[in-house]
Every structure is written in structure tokens, then in C-alpha cells.
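Peer 1: Sending over a structure as C-alpha cells; questions will come in a sec.
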Amino acid sequence: MNFRNTLLIKDGHLHIGGADCVKLAEEFSTPLYVYDEAHIRTMMGVYRDCIEEFYGGNGRALYASKAFACEAIYAIADEEGLGVDVVSGGELYTALQAGFPPQKICMHGNNKLLHELCEALDAGVGRIVVDAASEADLLDAEAARRGMVQDVLIRINPGVEAHTHAYVQTATPDSKFGFSVANGSAEEMVTYILSKPHLRLRGFHCHIGSQIFEKQSFVLAAEKCLAFMRDMRDRHAFCCEELDLGGGFGIWYAEGDPARTVSAYREDLKALFGAVKAGCAAYGLPLPFLYLEPGRSIVGEAGITLYTVGTIKDIPGIRKYIAVDGGMFDNPRYCLYGSVYTALLANRADEAPTERVSIAGKCCESGDLIGVDINLPAAETGDILAIFSTGAYHYSMASNYNRNLVPPAILVKDGKAEYIVKPQTYDDLVRNDVLPARLKKRSL
Ligand code: LLP
């Protein structure tokens, strides 16, 4: 098991950020998302410092806030000197509520709604990544109405097949994202945007996918972007000042995944920046201001989820189900992608696994599992189960399915924990419900 940073076992209990997970479960109840602030800050620092050390500071890491968005994470990103990327009016609103500087916000999305574009313009976000011709029209018109010129990037699809789950590949020929370099639509968009008086084309953006380990995929994408930059200079005299290479760096979830250390990330980033520098030198291009958009690699391993074991069902010859007080409403990733996780009993953390079990949620469907074939000591009702690497795309993809409450999130620093997302209440569940008067008349 890859225990690193402040995740460790002491006196038989799992600890995170200096806090005993059993005590956290008692104090804050379960299910509970727990975040280690030191880990988040370390990973933000890795990106920030690598840009400084290996790329002369000529760039900025934008935390991809879809991985985990709440006011606290935007505040931490700001303190650590990062920008952020947002993909919806809701993420933008949350960032602004946290006082995040709009100039350091970049907005994405393959179908940004008119009101979202207007919100971005009104807030003064630094960059908007254009992903459709109709969006360029809308944005140009709205910027004109405001008497402003908006800085934009074009999302290009360089055509790189990254080795990851098909649902999170984004740069294959069949993709809803971006403009294909191969079929000429990216080039058309360059001339189209250059003709828009209220849009200032700064450069290009690409994102090849998520949970990727091969640095070669990132390097290849960068090389394809640079070749495109060269072509646009040669054919349209367009000087690309900025290049956004997206996110996607993989993290450790379970046995078989490479253990990702700080030095491993640093090496990958060094290789990537090296490829950009080499490409620019080869093509005689000025070095672009570089953006990266890491999400999962910043918050993924910083987070764990704590559950309490409830019912246990052993079906002889078939499998043993350990049910917890969470499920697909706080972690839909097994259902969506068949994701594999590592689990531990936080209150008996030094006991060796003795059996293979499936961890079931409490939702009313058989597919509501958090994992199958997980090695654990014989669990008992009341044990505290910890699942690792749940910091990215868990809270942000949680739902109220079956009217379960989305768990709260706490942030742990130097052994002290505090809420960064409060617990929901049943009142929250009915807050937006409307019972029309004619339905109230029914006889009870
Ligand atoms: N930039 C763009 C344009 C993206 O679409 C994404 C992720 C990122 C950056 C951040 O990628 P990261 O560094 O986190 O890999 N729900 C899926 C992941 C979807 C990723 C969507 N885009 C999951 O749970 O695995």
C-alpha cells in the first residue's frame, strides 16, 4: 500500500494529516470526506515550482476545479499562487465567492450557456476557451455589447489516444471536445476568431484525457500542438502566445498503479517542458506562456472517505458483501468506470487482510458498489472503513440519489480538522421542492 505524506498507521488506527481517523469518524460522523491540506499544498507547489524551475516561470498551473470544488479549495489554490479552471457558471460563482482573482480564472466547456458566458465576461475572467463557432459568435457579440475585448484560446483536438478509460479520453477523432487539427476545423477556427473584433486570440488549449501515466502521451500532444502553432504562423501569420496543455496526470488508487511520488511528477513535468522548449527551438517559435490544468493529481490522493460498516452478508460460494453508510451517491466511480480502490479498516489498521469482499453501498440497486474483491480483515458492524484516493471526482460527482445526504468534507491540518463543506440536512433535500396547492388537498 502506498502510504505517503501524512497518511500513516499509529496504535492500530489510520491517521491522516496528524488526525486519528477513528476520532474524526466519531466527531464528524460518517460517511465523511477527509482532505489532507498538506498534501494538497504539496501537489499545488509541485506544479508551481516546476514551471518556475524548468520553464523559467513563464506559465501558470490552473487547478482544474471540477475535481473538487468548494470555497476552501479555491482559497488554497489562490494562496499557493495557482490559477483555476472552471467549467460552469456554478464553479465560477464558487470561485468568486471565495474571492478568487478573476484574471486567473480560465473558463472551459463544450456547451457554455449564454448566461455562463455573460457571467464570465462580467466577472472579468482571464481566458475563455472557445469550443464552438456559435460560441465565438455569442462571445464576440456579448463582448461588443460590453465594449470589451475578451482574451480567448481555441480548444484544439490534436488526435492523441491516451491510455485511459474511454469515457475520459478527450482527444480521439470522435470527441465532443475541441476542433480537430487533422480535418482542418482547428485552422478554420483560427481564421474565424481572428476575424472577430471583440475576441483576442491568445493561443491554443488541449486536454487529452485523465488518469494518464505515460508521459509520452503528454509529450506527443505538446509536439502536435507545436506543429500546429508553426503551421498557423506560416499560413496565417498568427503568433501563438499561450499554450494550455490541460490536465490528466494519473494518481495511485490500488495495487498495480504506479506509486506517484513528488519526484515522479517532477520528472514528467520536466520532460513535458523540455519537449515544448525543443519543439519551439526546432520550429523557431517563441516560447509560449504555458498553462497546465491538474485536478486529480492535486486533490485525488489528498482525500479519503470514511464509512461505518453496517450489514454484512456472506453468500456461500458467491461473495461476501460489506455494506457501508455511503455508496454511489458519494462515489459513483465504480459504477461509471469500474474504478478500483484500496480499503482499510481505520480502527484495526494494522490487521492483515484475511478475506476478499465486495463493498456495497446503501442505494436501492445491485450495481451500487464501491468495489469488488477488496482485501480486508474480517469486518464487523461498526468498524470504520477508509477508502483511499477519493479526493477527486467524488464530492464533485456526488448526488442525492435515493435522497441520501451528500457527505460533508473536512480539511485536516496539523491534526486539527474543520468543515469545508457542511453536512446536508433533510431540509436541504426538500428546500427546492414545490407542492402545488392542488396536490395538498388530497385526503390523508
Ligand atoms: N482540463 C480539462 C479541459 C479537463 O477536461 C479536465 C478533466 C482537466 C483539465 C483535469 O484533469 P485531471 O488532472 O483531473 O485528470 N470524472 C472522471 C474524470 C473526468 C475528467 C474530466 N476532465 C473521473 O472520475 O475519473
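Order determines the names: the first chain of the C-alpha cells is A, the second B, and so forth; residues in each chain are numbered 1 upward, and ligands are numbered 1 upward as they are shown.
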Taking the chain letters and numbering used in this document, name the residues of segment 8-48 of chain A that DSSP puts in strand (DSSP E or B), as a list of chain:residue names.

Peer 2: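 So, restricting segment 8-48 of chain A to strand (DSSP E or B), we get A:Leu8, A:Ile9, A:Lys10, A:His13, A:Leu14, A:His15, A:Ile16, A:Ala19, A:Asp20, A:Leu32, A:Tyr33, A:Val34, A:Tyr35, A:Asp36.
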
Peer 1: Excluding segment 20-35 of chain A and any residue of its chain fewer than 3 positions from it, enumerate the residues within 7 Å of it, using only C-alpha atoms, and give them as JSON, numbers by chain.

Peer 2: {"A": [13, 14, 15, 16, 302, 303, 304, 305, 306, 307, 308, 325, 326, 346, 347, 384, 391, 407, 408, 409, 410, 411, 412]}

Peer 1: From a backbone DSSP assignment, name each residue in segment 127-267 of chain A labelled alpha helix (DSSP H), as a PDB file with C-alpha atoms, in the first residue's frame.

Peer 2:
ATOM      1  CA  ALA A 133     -18.161  28.538 -33.758  1.00  0.00           C
ATOM      2  CA  SER A 134     -21.543  29.530 -32.382  1.00  0.00           C
ATOM      3  CA  GLU A 135     -19.886  30.210 -29.050  1.00  0.00           C
ATOM      4  CA  ALA A 136     -17.387  32.526 -30.740  1.00  0.00           C
ATOM      5  CA  ASP A 137     -20.343  34.425 -32.263  1.00  0.00           C
ATOM      6  CA  LEU A 138     -22.089  34.768 -28.919  1.00  0.00           C
ATOM      7  CA  LEU A 139     -18.953  35.748 -27.094  1.00  0.00           C
ATOM      8  CA  ASP A 140     -17.970  38.342 -29.681  1.00  0.00           C
ATOM      9  CA  ALA A 141     -21.446  39.879 -29.599  1.00  0.00           C
ATOM     10  CA  GLU A 142     -21.607  39.958 -25.805  1.00  0.00           C
ATOM     11  CA  ALA A 143     -18.087  41.374 -25.523  1.00  0.00           C
ATOM     12  CA  ALA A 144     -19.077  44.058 -28.090  1.00  0.00           C
ATOM     13  CA  ARG A 145     -22.157  44.943 -26.019  1.00  0.00           C
ATOM     14  CA  SER A 185     -11.507  22.600 -38.459  1.00  0.00           C
ATOM     15  CA  ALA A 186      -8.977  23.925 -35.921  1.00  0.00           C
ATOM     16  CA  GLU A 187      -7.353  26.017 -38.657  1.00  0.00           C
ATOM     17  CA  GLU A 188     -10.736  27.326 -39.788  1.00  0.00           C
ATOM     18  CA  MET A 189     -11.464  28.394 -36.246  1.00  0.00           C
ATOM     19  CA  VAL A 190      -8.215  30.333 -36.073  1.00  0.00           C
ATOM     20  CA  THR A 191      -9.151  32.486 -39.047  1.00  0.00           C
ATOM     21  CA  TYR A 192     -12.719  32.754 -37.766  1.00  0.00           C
ATOM     22  CA  ILE A 193     -11.664  34.052 -34.372  1.00  0.00           C
ATOM     23  CA  LEU A 194      -9.083  36.377 -35.891  1.00  0.00           C
ATOM     24  CA  LYS A 215       4.371  10.940 -20.118  1.00  0.00           C
ATOM     25  CA  GLN A 216       4.846  10.130 -23.801  1.00  0.00           C
ATOM     26  CA  SER A 217       1.154  10.868 -24.407  1.00  0.00           C
ATOM     27  CA  PHE A 218       1.569  14.366 -22.963  1.00  0.00           C
ATOM     28  CA  VAL A 219       4.772  14.917 -24.894  1.00  0.00           C
ATOM     29  CA  LEU A 220       3.116  13.778 -28.119  1.00  0.00           C
ATOM     30  CA  ALA A 221       0.173  16.129 -27.564  1.00  0.00           C
ATOM     31  CA  ALA A 222       2.573  19.012 -26.920  1.00  0.00           C
ATOM     32  CA  GLU A 223       4.506  18.191 -30.096  1.00  0.00           C
ATOM     33  CA  LYS A 224       1.313  18.159 -32.144  1.00  0.00           C
ATOM     34  CA  CYS A 225       0.250  21.493 -30.678  1.00  0.00           C
ATOM     35  CA  LEU A 226       3.637  23.000 -31.506  1.00  0.00           C
ATOM     36  CA  ALA A 227       3.441  21.773 -35.087  1.00  0.00           C
ATOM     37  CA  PHE A 228       0.019  23.380 -35.319  1.00  0.00           C
ATOM     38  CA  MET A 229       1.409  26.626 -33.889  1.00  0.00           C
ATOM     39  CA  ARG A 230       4.128  26.561 -36.559  1.00  0.00           C
ATOM     40  CA  ASP A 231       1.543  25.976 -39.304  1.00  0.00           C
ATOM     41  CA  MET A 232      -0.666  28.811 -38.084  1.00  0.00           C
ATOM     42  CA  ARG A 233       2.328  31.148 -38.039  1.00  0.00           C
ATOM     43  CA  ASP A 234       3.357  30.097 -41.538  1.00  0.00           C
ATOM     44  CA  ARG A 235      -0.102  30.152 -43.075  1.00  0.00           C
ATOM     45  CA  HIS A 236      -1.845  32.946 -41.190  1.00  0.00           C
ATOM     46  CA  VAL A 262       6.716  14.132  -5.937  1.00  0.00           C
ATOM     47  CA  SER A 263       9.878  13.330  -7.875  1.00  0.00           C
ATOM     48  CA  ALA A 264       7.925  11.251 -10.408  1.00  0.00           C
ATOM     49  CA  TYR A 265       5.629  14.202 -11.112  1.00  0.00           C
ATOM     50  CA  ARG A 266       8.641  16.496 -11.337  1.00  0.00           C
ATOM     51  CA  GLU A 267      10.318  14.238 -13.866  1.00  0.00           C
TER      52      GLU A 267
END

Peer 1: Within 8 Å of ligand 1, which residues show up when you count only C-alpha atoms and all ligand atoms? List them as a ChimeraX atom specification, please.

Peer 2: /A:63-67,85,108-109,167-168,170,206-207,209-212,246-250,292-298,333,337,392-394,397

Peer 1: Skip segment 426-431 of chain A itself and residues of its chain fewer than 2 positions away, then list as JSON, numbers by chain all residues within 8 Å of it, counting only C-alpha atoms.

Peer 2: {"A": [400, 403, 405, 424, 433]}

Peer 1: Next, write the just-selected residues to a file, as a short mmCIF file (atom, residue, chain, number, x, y, z; two decimals), in the first residue's frame, keeping N, CA, C and O atoms as the atom set.

Peer 2:
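Output (again04.cif):
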data_model
loop_
_atom_site.label_atom_id
_atom_site.label_comp_id
_atom_site.auth_asym_id
_atom_site.auth_seq_id
_atom_site.Cartn_x
_atom_site.Cartn_y
_atom_site.Cartn_z
N ASN A 400 -27.81 13.28 -4.63
CA ASN A 400 -28.75 12.96 -3.56
C ASN A 400 -29.59 11.74 -3.93
O ASN A 400 -30.73 11.59 -3.46
N ARG A 403 -32.40 10.14 -2.16
CA ARG A 403 -32.47 11.18 -1.12
C ARG A 403 -31.52 10.88 0.04
O ARG A 403 -31.84 11.08 1.21
N LEU A 405 -28.05 11.94 1.88
CA LEU A 405 -27.39 13.24 2.04
C LEU A 405 -25.95 13.15 1.52
O LEU A 405 -25.24 12.20 1.82
N GLN A 424 -25.19 18.09 4.84
CA GLN A 424 -26.53 18.43 4.37
C GLN A 424 -27.54 17.99 5.43
O GLN A 424 -27.24 17.15 6.28
N ASP A 433 -38.22 21.71 -3.32
CA ASP A 433 -39.44 21.02 -3.71
C ASP A 433 -40.61 21.98 -3.65
O ASP A 433 -40.66 22.86 -2.78
#

Peer 1: Between A:Cys335, A:Leu62, A:Val372, A:Val340, which is the closest to Lys320 of chain A once you count only C-alpha atoms?

Peer 2: A:Val372

Peer 1: Of the candidates A:Leu245, A:Ile73, A:Leu113, A:Ala237, which one gets nearest to Glu37 of chain A if we count only C-alpha atoms?

Peer 2: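 Nearest to Glu37 of chain A: A:Ile73.
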
Peer 1: Would you kindly return, as a list in words, each protein, DNA or RNA residue with an atom no farther than 9 Å from any atom of Asn375 of chain A, considering only C-alpha atoms and excluding same-chain residues fewer than 5 positions away?

Peer 2: Thr342, Ala343, Leu344, Ala352, Pro353, Thr354, Glu355, Arg356, Val357 and Ser358 of chain A

Peer 1: Please produce an output containing all heavy atoms for each residue in the selection, written as a PDB file, in the first residue's frame.

Peer 2:
ATOM      1  N   THR A 342      -8.484   0.999  -2.913  1.00  0.00           N
ATOM      2  CA  THR A 342      -7.878   0.290  -1.791  1.00  0.00           C
ATOM      3  C   THR A 342      -8.626   0.687  -0.523  1.00  0.00           C
ATOM      4  O   THR A 342      -8.954   1.868  -0.346  1.00  0.00           O
ATOM      5  CB  THR A 342      -6.395   0.691  -1.663  1.00  0.00           C
ATOM      6  OG1 THR A 342      -5.771   0.418  -2.911  1.00  0.00           O
ATOM      7  CG2 THR A 342      -5.709  -0.095  -0.563  1.00  0.00           C
ATOM      8  N   ALA A 343      -8.900  -0.318   0.314  1.00  0.00           N
ATOM      9  CA  ALA A 343      -9.653  -0.048   1.545  1.00  0.00           C
ATOM     10  C   ALA A 343      -8.882  -0.558   2.749  1.00  0.00           C
ATOM     11  O   ALA A 343      -8.012  -1.428   2.628  1.00  0.00           O
ATOM     12  CB  ALA A 343     -11.011  -0.734   1.473  1.00  0.00           C
ATOM     13  N   LEU A 344      -9.241  -0.015   3.902  1.00  0.00           N
ATOM     14  CA  LEU A 344      -8.599  -0.408   5.153  1.00  0.00           C
ATOM     15  C   LEU A 344      -9.618  -0.195   6.266  1.00  0.00           C
ATOM     16  O   LEU A 344     -10.437   0.728   6.172  1.00  0.00           O
ATOM     17  CB  LEU A 344      -7.403   0.529   5.365  1.00  0.00           C
ATOM     18  CG  LEU A 344      -6.396   0.197   6.436  1.00  0.00           C
ATOM     19  CD1 LEU A 344      -5.437  -0.858   5.887  1.00  0.00           C
ATOM     20  CD2 LEU A 344      -5.595   1.441   6.800  1.00  0.00           C
ATOM     21  N   ALA A 352      -3.821  -7.673   9.293  1.00  0.00           N
ATOM     22  CA  ALA A 352      -3.624  -8.099   7.902  1.00  0.00           C
ATOM     23  C   ALA A 352      -4.956  -8.542   7.295  1.00  0.00           C
ATOM     24  O   ALA A 352      -5.821  -9.061   8.007  1.00  0.00           O
ATOM     25  CB  ALA A 352      -2.633  -9.251   7.863  1.00  0.00           C
ATOM     26  N   PRO A 353      -5.133  -8.346   5.999  1.00  0.00           N
ATOM     27  CA  PRO A 353      -6.361  -8.797   5.342  1.00  0.00           C
ATOM     28  C   PRO A 353      -6.479 -10.314   5.420  1.00  0.00           C
ATOM     29  O   PRO A 353      -5.483 -11.028   5.328  1.00  0.00           O
ATOM     30  CB  PRO A 353      -6.185  -8.368   3.886  1.00  0.00           C
ATOM     31  CG  PRO A 353      -5.046  -7.426   3.863  1.00  0.00           C
ATOM     32  CD  PRO A 353      -4.214  -7.689   5.071  1.00  0.00           C
ATOM     33  N   THR A 354      -7.699 -10.782   5.638  1.00  0.00           N
ATOM     34  CA  THR A 354      -7.914 -12.232   5.708  1.00  0.00           C
ATOM     35  C   THR A 354      -8.968 -12.687   4.708  1.00  0.00           C
ATOM     36  O   THR A 354      -9.178 -13.875   4.525  1.00  0.00           O
ATOM     37  CB  THR A 354      -8.396 -12.642   7.112  1.00  0.00           C
ATOM     38  OG1 THR A 354      -9.530 -11.826   7.441  1.00  0.00           O
ATOM     39  CG2 THR A 354      -7.311 -12.475   8.154  1.00  0.00           C
ATOM     40  N   GLU A 355      -9.680 -11.741   4.114  1.00  0.00           N
ATOM     41  CA  GLU A 355     -10.714 -12.169   3.166  1.00  0.00           C
ATOM     42  C   GLU A 355     -10.904 -11.147   2.048  1.00  0.00           C
ATOM     43  O   GLU A 355     -10.491 -10.000   2.154  1.00  0.00           O
ATOM     44  CB  GLU A 355     -12.033 -12.437   3.891  1.00  0.00           C
ATOM     45  CG  GLU A 355     -12.534 -11.265   4.720  1.00  0.00           C
ATOM     46  CD  GLU A 355     -13.765 -11.634   5.532  1.00  0.00           C
ATOM     47  OE1 GLU A 355     -13.934 -12.816   5.869  1.00  0.00           O
ATOM     48  OE2 GLU A 355     -14.555 -10.719   5.816  1.00  0.00           O
ATOM     49  N   ARG A 356     -11.558 -11.648   0.987  1.00  0.00           N
ATOM     50  CA  ARG A 356     -11.872 -10.800  -0.173  1.00  0.00           C
ATOM     51  C   ARG A 356     -13.356 -10.513  -0.133  1.00  0.00           C
ATOM     52  O   ARG A 356     -14.166 -11.443  -0.117  1.00  0.00           O
ATOM     53  CB  ARG A 356     -11.577 -11.555  -1.460  1.00  0.00           C
ATOM     54  CG  ARG A 356     -10.172 -11.411  -1.836  1.00  0.00           C
ATOM     55  CD  ARG A 356      -9.910 -11.758  -3.246  1.00  0.00           C
ATOM     56  NE  ARG A 356      -8.739 -10.945  -3.549  1.00  0.00           N
ATOM     57  CZ  ARG A 356      -8.305 -10.645  -4.735  1.00  0.00           C
ATOM     58  NH1 ARG A 356      -8.975 -11.059  -5.790  1.00  0.00           N
ATOM     59  NH2 ARG A 356      -7.240  -9.918  -4.898  1.00  0.00           N
ATOM     60  N   VAL A 357     -13.700  -9.247  -0.143  1.00  0.00           N
ATOM     61  CA  VAL A 357     -15.116  -8.902  -0.020  1.00  0.00           C
ATOM     62  C   VAL A 357     -15.492  -7.876  -1.083  1.00  0.00           C
ATOM     63  O   VAL A 357     -14.631  -7.282  -1.728  1.00  0.00           O
ATOM     64  CB  VAL A 357     -15.397  -8.307   1.381  1.00  0.00           C
ATOM     65  CG1 VAL A 357     -15.109  -9.339   2.463  1.00  0.00           C
ATOM     66  CG2 VAL A 357     -14.582  -7.037   1.612  1.00  0.00           C
ATOM     67  N   SER A 358     -16.796  -7.684  -1.212  1.00  0.00           N
ATOM     68  CA  SER A 358     -17.269  -6.580  -2.031  1.00  0.00           C
ATOM     69  C   SER A 358     -17.856  -5.536  -1.094  1.00  0.00           C
ATOM     70  O   SER A 358     -18.524  -5.886  -0.113  1.00  0.00           O
ATOM     71  CB  SER A 358     -18.348  -7.054  -3.005  1.00  0.00           C
ATOM     72  OG  SER A 358     -17.749  -7.862  -3.983  1.00  0.00           O
TER      73      SER A 358
END
